[in-house]
$ cat my_file24.txt   # compact mmCIF, C-alpha atoms and all ligand atoms
# COMPACT_ATOMS: atom_id res chain seq x y z
CA MET A 1 0.00 0.00 0.00
CA THR A 2 2.67 2.50 1.01
CA SER A 3 4.56 2.22 -2.28
CA TYR A 4 1.38 3.28 -4.15
CA LEU A 5 1.14 6.33 -1.90
CA ASP A 6 4.73 7.23 -2.62
CA ASP A 7 6.96 6.18 -5.57
CA GLU A 8 4.22 4.52 -7.62
CA PHE A 9 1.85 7.48 -7.70
CA GLY A 10 0.60 7.08 -11.26
CA ASN A 11 -3.01 7.64 -12.25
CA PRO A 12 -4.30 4.30 -13.59
CA SER A 13 -6.21 6.06 -16.39
CA GLY A 14 -3.06 7.71 -17.76
CA ALA A 15 -1.00 6.56 -20.75
CA HIS A 16 2.60 6.81 -19.53
CA ARG A 17 4.75 4.19 -17.87
CA MET A 18 3.96 5.10 -14.28
CA ALA A 19 0.23 5.18 -15.07
CA ARG A 20 0.47 1.77 -16.69
CA ARG A 21 2.10 0.37 -13.57
CA ALA A 22 -0.77 1.72 -11.45
CA ASN A 23 -3.24 0.20 -13.89
CA GLN A 24 -1.42 -3.11 -13.71
CA ALA A 25 -1.69 -3.00 -9.90
CA LEU A 26 -5.44 -2.42 -10.23
CA ASP A 27 -5.76 -5.37 -12.62
CA GLU A 28 -3.91 -7.62 -10.21
CA ALA A 29 -6.01 -6.45 -7.26
CA ARG A 30 -9.17 -7.04 -9.29
CA GLU A 31 -8.10 -10.61 -9.96
CA VAL A 32 -7.41 -11.25 -6.28
CA MET A 33 -10.77 -9.76 -5.28
CA ALA A 34 -12.55 -11.81 -7.95
CA GLU A 35 -10.98 -14.99 -6.60
CA ALA A 36 -11.99 -14.10 -3.02
CA LEU A 37 -15.53 -13.19 -4.06
CA GLY A 38 -16.17 -15.97 -6.57
CA CYS A 39 -16.71 -13.78 -9.64
CA ALA A 40 -14.92 -12.72 -12.82
CA PRO A 41 -12.42 -9.82 -12.50
CA GLY A 42 -14.63 -7.69 -14.78
CA ASP A 43 -17.53 -8.05 -12.33
CA VAL A 44 -15.66 -6.20 -9.55
CA VAL A 45 -16.50 -2.49 -9.27
CA PHE A 46 -14.22 -0.69 -6.82
CA THR A 47 -15.98 1.84 -4.58
CA GLY A 48 -15.19 4.16 -1.70
CA GLY A 49 -16.42 1.63 0.90
CA GLY A 50 -19.47 -0.37 1.92
CA THR A 51 -21.91 2.55 2.10
CA GLU A 52 -21.14 3.59 -1.44
CA ALA A 53 -21.43 0.00 -2.69
CA ASP A 54 -24.83 -0.38 -0.97
CA ASN A 55 -26.09 2.98 -2.28
CA LEU A 56 -24.96 2.10 -5.80
CA ALA A 57 -26.73 -1.26 -5.57
CA ILE A 58 -30.08 0.22 -4.49
CA PHE A 59 -30.21 3.53 -6.36
CA GLY A 60 -28.40 2.07 -9.37
CA SER A 61 -30.91 -0.80 -9.66
CA CYS A 62 -33.94 1.47 -9.21
CA ASP A 63 -32.64 3.96 -11.77
CA ALA A 64 -31.71 1.38 -14.42
CA GLY A 65 -34.09 0.85 -17.35
CA THR A 66 -37.24 2.92 -16.95
CA GLY A 67 -35.92 4.41 -13.69
CA ARG A 68 -39.23 3.65 -11.97
CA GLY A 69 -38.33 0.47 -10.13
CA ARG A 70 -38.90 0.13 -6.40
CA PRO A 71 -36.60 -1.48 -3.85
CA VAL A 72 -37.36 -4.03 -1.13
CA CYS A 73 -35.14 -4.83 1.85
CA SER A 74 -35.20 -6.49 5.27
CA ALA A 75 -35.91 -4.48 8.40
CA VAL A 76 -32.47 -5.31 9.85
CA GLU A 77 -30.35 -3.87 7.03
CA HIS A 78 -27.60 -1.37 7.69
CA HIS A 79 -28.71 2.24 7.21
CA ALA A 80 -26.61 2.33 4.02
CA VAL A 81 -29.35 0.11 2.52
CA LEU A 82 -32.36 1.18 4.58
CA GLU A 83 -32.07 4.88 3.80
CA PRO A 84 -31.91 4.50 0.01
CA VAL A 85 -34.86 2.08 0.22
CA GLU A 86 -36.84 4.58 2.28
CA GLN A 87 -35.92 7.43 -0.07
CA ARG A 88 -37.38 5.42 -2.99
CA ASP A 89 -40.57 4.50 -1.09
CA GLY A 90 -39.53 0.88 -0.94
CA VAL A 91 -40.92 -2.04 1.01
CA VAL A 92 -39.31 -3.08 4.31
CA VAL A 93 -39.84 -6.74 5.22
CA GLY A 94 -39.93 -7.92 8.83
CA VAL A 95 -37.87 -10.56 10.62
CA ASP A 96 -38.72 -13.09 13.33
CA GLY A 97 -37.43 -13.16 16.91
CA ASP A 98 -34.22 -14.80 15.72
CA GLY A 99 -33.63 -11.97 13.25
CA GLN A 100 -34.41 -14.19 10.24
CA LEU A 101 -36.26 -12.71 7.28
CA ASP A 102 -39.96 -13.56 7.00
CA LEU A 103 -40.04 -15.19 3.55
CA ASP A 104 -43.86 -15.10 3.30
CA GLN A 105 -43.83 -11.38 3.96
CA LEU A 106 -41.07 -11.02 1.39
CA ALA A 107 -43.12 -12.88 -1.22
CA SER A 108 -46.13 -10.64 -0.63
CA GLY A 109 -43.97 -7.51 -0.91
CA LEU A 110 -42.76 -8.42 -4.42
CA ASP A 111 -44.42 -7.43 -7.68
CA GLU A 112 -43.59 -6.34 -11.23
CA THR A 113 -42.40 -2.92 -10.00
CA THR A 114 -39.72 -4.47 -7.77
CA ALA A 115 -36.31 -3.43 -9.10
CA VAL A 116 -34.07 -4.80 -6.37
CA VAL A 117 -34.31 -6.91 -3.22
CA SER A 118 -31.57 -6.35 -0.68
CA VAL A 119 -30.98 -8.83 2.15
CA MET A 120 -27.71 -8.81 4.06
CA LEU A 121 -25.61 -11.94 4.44
CA ALA A 122 -24.71 -11.27 8.09
CA ASN A 123 -26.04 -8.63 10.44
CA ASN A 124 -23.63 -6.10 11.90
CA GLU A 125 -25.24 -5.95 15.34
CA THR A 126 -26.23 -9.53 16.05
CA GLY A 127 -24.19 -11.57 13.55
CA VAL A 128 -27.39 -13.33 12.41
CA VAL A 129 -26.90 -14.98 9.01
CA GLN A 130 -29.73 -14.81 6.48
CA PRO A 131 -30.75 -17.75 4.24
CA LEU A 132 -29.74 -16.01 1.03
CA ASP A 133 -30.44 -18.93 -1.31
CA ASP A 134 -34.04 -19.06 -0.04
CA VAL A 135 -34.35 -15.31 -0.59
CA VAL A 136 -33.04 -15.63 -4.15
CA GLU A 137 -35.42 -18.50 -4.89
CA CYS A 138 -38.37 -16.50 -3.58
CA VAL A 139 -37.40 -13.42 -5.67
CA ARG A 140 -36.84 -15.46 -8.85
CA ARG A 141 -40.31 -16.97 -8.40
CA HIS A 142 -42.31 -13.83 -7.51
CA ALA A 143 -40.35 -11.03 -9.21
CA PRO A 144 -38.22 -12.67 -11.88
CA ARG A 145 -36.96 -9.38 -13.30
CA ALA A 146 -35.75 -8.05 -9.95
CA THR A 147 -32.09 -7.87 -9.02
CA VAL A 148 -30.94 -9.47 -5.75
CA HIS A 149 -28.37 -7.56 -3.71
CA THR A 150 -26.62 -8.75 -0.59
CA ASP A 151 -24.63 -6.60 1.80
CA ALA A 152 -21.77 -8.95 2.69
CA VAL A 153 -19.82 -6.22 4.50
CA GLN A 154 -19.83 -8.11 7.81
CA ALA A 155 -19.30 -11.51 6.29
CA MET A 156 -15.83 -11.64 4.72
CA CYS A 157 -13.94 -12.77 7.82
CA TRP A 158 -16.53 -15.30 8.95
CA LEU A 159 -18.35 -16.79 5.98
CA ASP A 160 -17.44 -18.19 2.59
CA VAL A 161 -18.84 -15.20 0.71
CA ALA A 162 -17.93 -16.63 -2.70
CA ALA A 163 -20.15 -19.67 -2.07
CA LEU A 164 -22.94 -18.13 0.02
CA ALA A 165 -23.47 -15.07 -2.19
CA ALA A 166 -23.04 -16.97 -5.47
CA SER A 167 -26.73 -16.63 -6.34
CA ALA A 168 -26.92 -12.85 -5.69
CA ASP A 169 -26.58 -10.42 -8.61
CA LEU A 170 -24.92 -7.67 -6.55
CA VAL A 171 -22.63 -8.13 -3.53
CA SER A 172 -21.19 -5.31 -1.36
CA ILE A 173 -18.01 -5.57 0.68
CA SER A 174 -15.87 -3.09 2.62
CA ALA A 175 -12.10 -3.43 3.20
CA HIS A 176 -11.96 -2.17 6.78
CA LYS A 177 -14.11 -5.08 7.95
CA PHE A 178 -11.37 -7.55 7.01
CA GLY A 179 -8.16 -5.76 7.90
CA GLY A 180 -7.88 -3.41 4.92
CA PRO A 181 -8.02 0.39 4.99
CA LYS A 182 -11.15 2.46 5.53
CA GLY A 183 -12.84 4.20 2.60
CA VAL A 184 -12.44 1.43 0.05
CA GLY A 185 -14.75 -1.42 -0.91
CA ALA A 186 -16.34 -3.11 -3.87
CA LEU A 187 -19.62 -4.06 -5.46
CA VAL A 188 -19.74 -7.31 -7.40
CA VAL A 189 -21.99 -6.80 -10.44
CA ARG A 190 -22.78 -10.09 -12.18
CA PRO A 191 -22.89 -9.94 -15.99
CA GLY A 192 -26.19 -8.67 -17.38
CA THR A 193 -27.34 -7.01 -14.13
CA PRO A 194 -28.94 -3.65 -14.96
CA LEU A 195 -27.25 -0.88 -13.01
CA ALA A 196 -27.18 2.90 -13.51
CA ALA A 197 -23.97 4.60 -12.37
CA ARG A 198 -24.20 7.12 -9.50
CA ALA A 199 -20.80 8.73 -10.08
CA VAL A 200 -20.34 9.64 -13.73
CA GLY A 201 -17.61 11.49 -15.57
CA GLY A 202 -14.39 9.66 -16.33
CA GLY A 203 -16.03 6.34 -17.17
CA GLN A 204 -13.80 4.33 -14.83
CA GLU A 205 -14.84 0.85 -13.67
CA ARG A 206 -16.40 0.23 -17.11
CA GLY A 207 -18.67 3.21 -16.65
CA ARG A 208 -20.23 1.82 -13.48
CA ARG A 209 -18.37 4.13 -11.06
CA GLY A 210 -16.59 7.14 -12.43
CA GLY A 211 -13.65 8.68 -10.57
CA THR A 212 -9.94 7.95 -10.27
CA GLN A 213 -9.52 4.76 -8.30
CA ASN A 214 -7.91 4.68 -4.86
CA VAL A 215 -5.00 2.53 -6.06
CA ALA A 216 -3.19 2.27 -2.71
CA GLY A 217 -6.41 1.40 -0.88
CA ILE A 218 -7.45 -1.13 -3.50
CA VAL A 219 -4.04 -2.84 -3.50
CA ALA A 220 -4.26 -3.05 0.31
CA MET A 221 -7.83 -4.36 0.19
CA ALA A 222 -6.75 -7.16 -2.15
CA ALA A 223 -3.86 -8.12 0.14
CA ALA A 224 -6.24 -8.17 3.12
CA ALA A 225 -8.80 -10.24 1.20
CA ALA A 226 -6.22 -12.85 0.19
CA ALA A 227 -4.93 -13.13 3.77
CA THR A 228 -8.46 -13.30 5.16
CA VAL A 229 -9.55 -16.10 2.85
CA ALA A 230 -6.34 -18.05 3.52
CA GLU A 231 -6.80 -17.85 7.31
CA ARG A 232 -10.58 -17.96 7.48
CA THR A 233 -11.30 -21.61 8.23
CA ASP A 234 -8.82 -21.77 11.10
CA GLN A 235 -9.78 -18.38 12.48
CA VAL A 236 -13.50 -19.08 12.43
CA ALA A 237 -13.02 -22.21 14.55
CA ARG A 238 -10.63 -20.43 16.94
CA VAL A 239 -12.72 -17.28 17.35
CA ARG A 240 -15.98 -19.23 17.70
CA ARG A 241 -14.50 -21.10 20.67
CA LEU A 242 -13.43 -17.79 22.27
CA ARG A 243 -16.83 -16.19 21.61
CA ASP A 244 -18.72 -19.17 23.02
CA ARG A 245 -16.53 -19.12 26.13
CA LEU A 246 -17.21 -15.41 26.50
CA ILE A 247 -20.99 -15.87 26.26
CA GLU A 248 -20.99 -18.81 28.63
CA GLY A 249 -18.81 -16.93 31.10
CA ILE A 250 -21.20 -13.97 31.05
CA THR A 251 -24.49 -15.86 31.19
CA THR A 252 -23.32 -18.11 34.01
CA THR A 253 -22.01 -15.27 36.19
CA VAL A 254 -24.53 -12.51 35.50
CA ASP A 255 -28.23 -12.96 36.28
CA GLY A 256 -30.64 -11.44 33.79
CA ALA A 257 -28.19 -11.64 30.86
CA TYR A 258 -29.77 -12.82 27.60
CA GLU A 259 -28.12 -13.67 24.33
CA THR A 260 -29.92 -11.96 21.46
CA GLY A 261 -31.37 -14.02 18.61
CA PRO A 262 -30.41 -17.64 18.01
CA SER A 263 -27.99 -18.81 20.69
CA ALA A 264 -24.41 -19.47 19.58
CA ALA A 265 -24.86 -22.96 20.97
CA GLN A 266 -27.61 -23.56 18.39
CA GLY A 267 -25.07 -24.31 15.69
CA SER A 268 -22.52 -22.73 13.46
CA GLY A 269 -24.75 -21.54 10.60
CA ALA A 270 -27.10 -19.25 12.51
CA LYS A 271 -24.63 -16.52 13.47
CA THR A 272 -21.17 -15.37 12.51
CA ALA A 273 -18.44 -16.62 14.85
CA ASN A 274 -17.31 -13.24 16.12
CA ILE A 275 -20.24 -11.44 17.75
CA ALA A 276 -21.52 -11.83 21.28
CA HIS A 277 -24.70 -9.79 21.55
CA LEU A 278 -26.45 -9.72 24.90
CA CYS A 279 -29.05 -7.72 26.77
CA PHE A 280 -28.77 -7.10 30.52
CA ASP A 281 -31.99 -6.48 32.39
CA GLY A 282 -31.99 -3.39 34.58
CA VAL A 283 -28.85 -1.90 33.04
CA ASP A 284 -28.39 1.11 30.79
CA SER A 285 -26.04 0.41 27.86
CA GLU A 286 -24.47 3.84 27.90
CA ALA A 287 -23.43 3.53 31.54
CA LEU A 288 -22.21 -0.02 30.94
CA LEU A 289 -20.07 1.06 27.97
CA PHE A 290 -18.53 3.76 30.14
CA LEU A 291 -17.59 1.32 32.92
CA LEU A 292 -16.30 -1.23 30.42
CA GLU A 293 -14.11 1.35 28.72
CA ARG A 294 -12.67 2.35 32.09
CA GLY A 295 -11.83 -1.32 32.54
CA GLY A 296 -10.06 -1.44 29.16
CA VAL A 297 -12.88 -3.04 27.18
CA MET A 298 -14.03 -1.29 24.00
CA ALA A 299 -17.52 -2.42 23.08
CA SER A 300 -20.66 -1.01 21.51
CA ALA A 301 -24.38 -0.97 22.09
CA ALA A 302 -26.10 -0.47 18.75
CA SER A 303 -24.17 -0.49 15.48
CA SER A 304 -20.95 1.41 16.05
CA CYS A 305 -21.75 3.77 13.16
CA SER A 306 -24.57 5.22 15.26
CA SER A 307 -23.67 4.43 18.87
CA GLY A 308 -22.44 7.99 19.36
CA ALA A 309 -26.10 8.94 19.22
CA MET A 310 -27.28 6.04 21.45
CA GLN A 311 -30.64 5.57 19.79
CA SER A 312 -32.38 2.31 20.37
CA SER A 313 -31.45 -0.19 17.71
CA HIS A 314 -33.78 -0.72 14.73
CA VAL A 315 -32.42 -4.26 14.52
CA LEU A 316 -33.52 -5.18 18.05
CA THR A 317 -36.87 -3.44 17.54
CA ALA A 318 -37.45 -5.47 14.36
CA MET A 319 -36.65 -8.66 16.29
CA GLY A 320 -39.33 -7.78 18.81
CA VAL A 321 -36.92 -7.15 21.69
CA GLU A 322 -38.78 -5.04 24.26
CA ALA A 323 -37.56 -1.44 24.43
CA ARG A 324 -36.73 -1.84 28.14
CA ARG A 325 -34.51 -4.83 27.45
CA ALA A 326 -32.94 -3.24 24.35
CA GLN A 327 -31.83 -0.34 26.58
CA GLY A 328 -29.37 -2.76 28.15
CA SER A 329 -27.89 -4.22 24.96
CA LEU A 330 -24.21 -4.86 24.45
CA ARG A 331 -22.24 -6.02 21.41
CA LEU A 332 -18.82 -7.55 21.97
CA SER A 333 -17.00 -8.25 18.70
CA LEU A 334 -13.97 -10.49 18.40
CA GLY A 335 -11.47 -10.60 15.55
CA TYR A 336 -8.50 -12.50 14.17
CA THR A 337 -6.26 -10.94 16.84
CA SER A 338 -8.52 -11.77 19.81
CA THR A 339 -7.09 -14.13 22.44
CA ASP A 340 -8.15 -16.04 25.55
CA ASP A 341 -6.58 -13.22 27.59
CA ASP A 342 -9.05 -10.78 25.99
CA VAL A 343 -11.96 -13.00 26.96
CA ASP A 344 -10.60 -13.25 30.54
CA ALA A 345 -10.22 -9.47 30.64
CA VAL A 346 -13.90 -8.95 29.73
CA LEU A 347 -15.03 -11.60 32.22
CA GLY A 348 -12.93 -9.81 34.85
CA VAL A 349 -14.68 -6.47 34.30
CA LEU A 350 -18.21 -7.07 32.98
CA PRO A 351 -19.99 -8.90 35.87
CA ALA A 352 -18.76 -6.31 38.37
CA ALA A 353 -19.83 -3.44 36.09
CA VAL A 354 -23.35 -4.87 35.67
CA GLY A 355 -23.57 -5.49 39.45
CA ARG A 356 -22.49 -1.94 40.22
CA LEU A 357 -25.03 -0.39 37.85
CA ARG A 358 -27.84 -2.48 39.29
CA THR A 359 -26.89 -1.52 42.84
CA GLU A 360 -26.80 2.18 41.90
CA GLU A 361 -30.22 1.78 40.24
CA ARG A 362 -31.65 0.17 43.39
CA VAL A 363 -30.24 2.95 45.57
CA ARG A 364 -31.71 5.60 43.23
CA GLY A 365 -35.02 3.74 42.88
N1 LIG B 1 -23.08 -2.52 5.76
C1 LIG B 1 -22.83 -3.09 6.95
C2 LIG B 1 -23.51 -4.36 7.31
C3 LIG B 1 -21.93 -2.48 7.85
O1 LIG B 1 -21.69 -3.06 9.02
C4 LIG B 1 -21.30 -1.28 7.47
C5 LIG B 1 -20.40 -0.58 8.40
O2 LIG B 1 -20.32 -0.85 9.55
C6 LIG B 1 -21.59 -0.74 6.22
C7 LIG B 1 -22.49 -1.37 5.39
C8 LIG B 1 -20.95 0.54 5.76
O3 LIG B 1 -19.63 0.28 5.32
P1 LIG B 1 -18.56 1.48 5.28
O4 LIG B 1 -18.25 1.81 6.70
O5 LIG B 1 -17.38 0.87 4.55
O6 LIG B 1 -19.15 2.58 4.52
$ encode --input "my_file24.txt" --output "structure tokens" --more "lines below"
Ligand code: PLP
Amino acid sequence: MTSYLDDEFGNPSGAHRMARRANQALDEAREVMAEALGCAPGDVVFTGGGTEADNLAIFGSCDAGTGRGRPVCSAVEHHAVLEPVEQRDGVVVGVDGDGQLDLDQLASGLDETTAVVSVMLANNETGVVQPLDDVVECVRRHAPRATVHTDAVQAMCWLDVAALAASADLVSISAHKFGGPKGVGALVVRPGTPLAARAVGGGQERGRRGGTQNVAGIVAMAAAAAATVAERTDQVARVRRLRDRLIEGITTTVDGAYETGPSAAQGSGAKTANIAHLCFDGVDSEALLFLLERGGVMASAASSCSSGAMQSSHVLTAMGVEARRAQGSLRLSLGYTSTDDDVDAVLGVLPAAVGRLRTEERVRG
């Protein structure tokens, strides 16, 4: 990455030698990304991150063709999908208590005006994995002309995206979720998928996303993707064991602690291996985050993109979690660098923090 910020500073659209070297680096990165994502190199459209890929998928699908298509998405999507869907008066489909899409409701929300259906592969707050093949089958049956998009931003480290998203027409990813830099991502666009560009001008990315590419970021994203895929099987098993120990340690030492959605013990397919999402009765998330941070634990309550604002989570609301319980939600995310010592550190701080907040609440009450 650093060499493309320094000596190799060519613009990949240029004609001279340095530009050609930058273009060659882009070609190589595109091949690596295609391999990791199970598509052809020409299907990879580089973007400025996951939000841009999601926006391009929704707006670009609605604006293709007649430009009158409507979007459909699940109620637990990231705001990068939800907002475009709301802006285009789309249909939002509910989920059950385990966070799984209601396929009957999806079927009844589809018609000939449906341009795109967007259902994420893995949820960013709860780690719940959606049955994408069932979604695709339902869409092909009830709205055969619609495009299927999946936001796989949270999935790269934990799921075989190439296999699980193989039936989707559009797939979003973001480098900083798998060890690459922030502000770079990609949208896989399968051949023949109608898509109107959002950024137009220079015609880069085969006219699907104009603008000079972030060569250094893209080269780094490809390196991170290759390393992630190479390590994934081993890391998923290792991190799942740590996460399960973390959840068991919490639920056995803290009364009134509930794992959100399907329990990790329910099996490996229901949730990604890295997220422990719990709700603590009688505790306020904001106060808990404060005490945890003082104890050296960095965690979040809703999705980290919005936790600065501390609104109650639309994901938990959609899953039917009572507002009172959702007030005490906590997301602990593990990664490829997490260790048993990290789990011990959380177990050393969290039960005492919850106990302290409940005592203070009793004294106040
Ligand atoms: N989609 C999901 C599921 C996410 O978790 C995020 C970020 O957290 C995004 C999209 C947005 O990606 P980015 O931060 O690269 O814009």
$ residues_near_ligand --input "my_file24.txt" --ligand "ligand LIG 1 (chain B)" --cutoff "6 Å" --atoms "only C-alpha atoms and all ligand atoms" --output "ChimeraX atom specification"
/A:49-51,78,80,123-124,151,153-154,174,183
$ write_last_selection --input "my_file24.txt" --atoms "C-alpha atoms" --output "mmCIF file, keeping the file's coordinate frame"
data_model
loop_
_atom_site.group_PDB
_atom_site.id
_atom_site.type_symbol
_atom_site.label_atom_id
_atom_site.label_comp_id
_atom_site.auth_asym_id
_atom_site.auth_seq_id
_atom_site.Cartn_x
_atom_site.Cartn_y
_atom_site.Cartn_z
ATOM 1 C CA GLY A 49 -16.420 1.630 0.900
ATOM 2 C CA GLY A 50 -19.470 -0.370 1.920
ATOM 3 C CA THR A 51 -21.910 2.550 2.100
ATOM 4 C CA HIS A 78 -27.600 -1.370 7.690
ATOM 5 C CA ALA A 80 -26.610 2.330 4.020
ATOM 6 C CA ASN A 123 -26.040 -8.630 10.440
ATOM 7 C CA ASN A 124 -23.630 -6.100 11.900
ATOM 8 C CA ASP A 151 -24.630 -6.600 1.800
ATOM 9 C CA VAL A 153 -19.820 -6.220 4.500
ATOM 10 C CA GLN A 154 -19.830 -8.110 7.810
ATOM 11 C CA SER A 174 -15.870 -3.090 2.620
ATOM 12 C CA GLY A 183 -12.840 4.200 2.600
#
$ residues_around --input "my_file24.txt" --residues "Arg208 of chain A" --least-positions-apart "4" --cutoff "12 Å" --atoms "all atoms listed in the file" --output "PyMOL selection string"
chain A and resi 42-47+53+56-57+60-61+64+186-189+193-204
$ residues_around --input "my_file24.txt" --residues "Glu259 of chain A" --least-positions-apart "2" --cutoff "12 Å" --atoms "all atoms listed in the file" --output "MDAnalysis selection string"
chainID A and resid 97:98 126:128 243:244 246:252 254:257 261:266 271 275:281 316 321 325:326 328:332
$ atom_distance --input "my_file24.txt" --atom1 "atom CA of Ala352 of chain A" --atom2 "atom CA of Phe290 of chain A"
13.0 Å
$ residues_around --input "my_file24.txt" --residues "Ala19 of chain A" --least-positions-apart "2" --cutoff "12 Å" --atoms "only C-alpha atoms" --output "PyMOL selection string"
chain A and resi 4+7-17+21-26+212-213+215
$ residues_near_point --input "my_file24.txt" --point "(-35.6, -4.0, 3.3)" --cutoff "7 Å" --atoms "all atoms listed in the file" --output "PDB file with C-alpha atoms, in the coordinates of the input"
ATOM      1  CA  VAL A  72     -37.360  -4.030  -1.130  1.00  0.00           C
ATOM      2  CA  CYS A  73     -35.140  -4.830   1.850  1.00  0.00           C
ATOM      3  CA  SER A  74     -35.200  -6.490   5.270  1.00  0.00           C
ATOM      4  CA  ALA A  75     -35.910  -4.480   8.400  1.00  0.00           C
ATOM      5  CA  GLU A  77     -30.350  -3.870   7.030  1.00  0.00           C
ATOM      6  CA  LEU A  82     -32.360   1.180   4.580  1.00  0.00           C
ATOM      7  CA  VAL A  85     -34.860   2.080   0.220  1.00  0.00           C
ATOM      8  CA  VAL A  91     -40.920  -2.040   1.010  1.00  0.00           C
ATOM      9  CA  VAL A  92     -39.310  -3.080   4.310  1.00  0.00           C
ATOM     10  CA  VAL A  93     -39.840  -6.740   5.220  1.00  0.00           C
ATOM     11  CA  SER A 118     -31.570  -6.350  -0.680  1.00  0.00           C
ATOM     12  CA  VAL A 119     -30.980  -8.830   2.150  1.00  0.00           C
TER      13      VAL A 119
END
$ residues_around --input "my_file24.txt" --residues "Asp284 of chain A" --least-positions-apart "2" --cutoff "6 Å" --atoms "only C-alpha atoms" --output "ChimeraX atom specification"
/A:286-287,327-328
$ atom_distance --input "my_file24.txt" --atom1 "atom CA of Gly355 of chain A" --atom2 "atom CA of Leu291 of chain A"
11.2 Å
$ closest_residue --input "my_file24.txt" --among "A:Pro351, A:Gly192, A:Gly99, A:Gly179" --to "Ala226 of chain A" --atoms "all atoms listed in the file"
A:Gly179
$ residues_around --input "my_file24.txt" --residues "Asp111 of chain A" --least-positions-apart "2" --cutoff "12 Å" --atoms "all atoms listed in the file" --output "ChimeraX atom specification"
/A:69-72,90-91,106-109,113-117,138-146
$ closest_residue --input "my_file24.txt" --among "A:Met156, A:Asp63, A:Gln130, A:Asp96" --to "Met33 of chain A" --atoms "only C-alpha atoms"
A:Met156
$ atom_distance --input "my_file24.txt" --atom1 "atom CA of Val81 of chain A" --atom2 "atom CA of Leu288 of chain A"
29.3 Å
$ axis_aligned_box --input "my_file24.txt" --around "segment 275-289 of chain A" --padding-each-side "5 Å" --output "lines of an AutoDock Vina configuration file"
center_x = -26.0
center_y = -4.0
center_z = 26.2
size_x = 21.9
size_y = 25.7
size_z = 26.8
$ closest_residue --input "my_file24.txt" --among "A:Glu52, A:Glu35, A:Asp89, A:Glu231" --to "Ser172 of chain A" --atoms "only C-alpha atoms"
A:Glu52
$ decode --input "my_file24.txt" --residues "segment 51-61 of chain A" --atoms "N, CA, C and O atoms" --output "JSON list (two decimals), in the first residue's frame"
[["chain", "number", "residue", "atom", "x", "y", "z"],
["A", 51, "THR", "N", -20.74, 1.67, 2.26],
["A", 51, "THR", "CA", -21.91, 2.55, 2.10],
["A", 51, "THR", "C", -22.12, 2.88, 0.63],
["A", 51, "THR", "O", -23.24, 2.80, 0.11],
["A", 52, "GLU", "N", -21.01, 3.24, -0.02],
["A", 52, "GLU", "CA", -21.14, 3.59, -1.44],
["A", 52, "GLU", "C", -21.57, 2.39, -2.28],
["A", 52, "GLU", "O", -22.41, 2.52, -3.19],
["A", 53, "ALA", "N", -21.05, 1.21, -1.95],
["A", 53, "ALA", "CA", -21.43, 0.00, -2.69],
["A", 53, "ALA", "C", -22.93, -0.27, -2.49],
["A", 53, "ALA", "O", -23.66, -0.58, -3.44],
["A", 54, "ASP", "N", -23.41, -0.15, -1.25],
["A", 54, "ASP", "CA", -24.83, -0.38, -0.97],
["A", 54, "ASP", "C", -25.71, 0.65, -1.68],
["A", 54, "ASP", "O", -26.73, 0.32, -2.28],
["A", 55, "ASN", "N", -25.31, 1.91, -1.61],
["A", 55, "ASN", "CA", -26.09, 2.98, -2.28],
["A", 55, "ASN", "C", -26.15, 2.74, -3.79],
["A", 55, "ASN", "O", -27.20, 2.88, -4.41],
["A", 56, "LEU", "N", -25.00, 2.36, -4.36],
["A", 56, "LEU", "CA", -24.96, 2.10, -5.80],
["A", 56, "LEU", "C", -25.89, 0.93, -6.15],
["A", 56, "LEU", "O", -26.61, 0.98, -7.14],
["A", 57, "ALA", "N", -25.89, -0.09, -5.30],
["A", 57, "ALA", "CA", -26.73, -1.26, -5.57],
["A", 57, "ALA", "C", -28.21, -0.86, -5.58],
["A", 57, "ALA", "O", -28.96, -1.23, -6.49],
["A", 58, "ILE", "N", -28.64, -0.09, -4.59],
["A", 58, "ILE", "CA", -30.08, 0.22, -4.49],
["A", 58, "ILE", "C", -30.48, 1.30, -5.50],
["A", 58, "ILE", "O", -31.35, 1.07, -6.34],
["A", 59, "PHE", "N", -29.84, 2.46, -5.43],
["A", 59, "PHE", "CA", -30.21, 3.53, -6.36],
["A", 59, "PHE", "C", -29.95, 3.11, -7.81],
["A", 59, "PHE", "O", -30.74, 3.39, -8.71],
["A", 60, "GLY", "N", -28.79, 2.45, -8.02],
["A", 60, "GLY", "CA", -28.40, 2.07, -9.37],
["A", 60, "GLY", "C", -29.37, 1.06, -9.98],
["A", 60, "GLY", "O", -29.62, 1.09, -11.19],
["A", 61, "SER", "N", -29.92, 0.17, -9.15],
["A", 61, "SER", "CA", -30.91, -0.80, -9.66],
["A", 61, "SER", "C", -32.23, -0.10, -9.94],
["A", 61, "SER", "O", -32.88, -0.37, -10.95]]
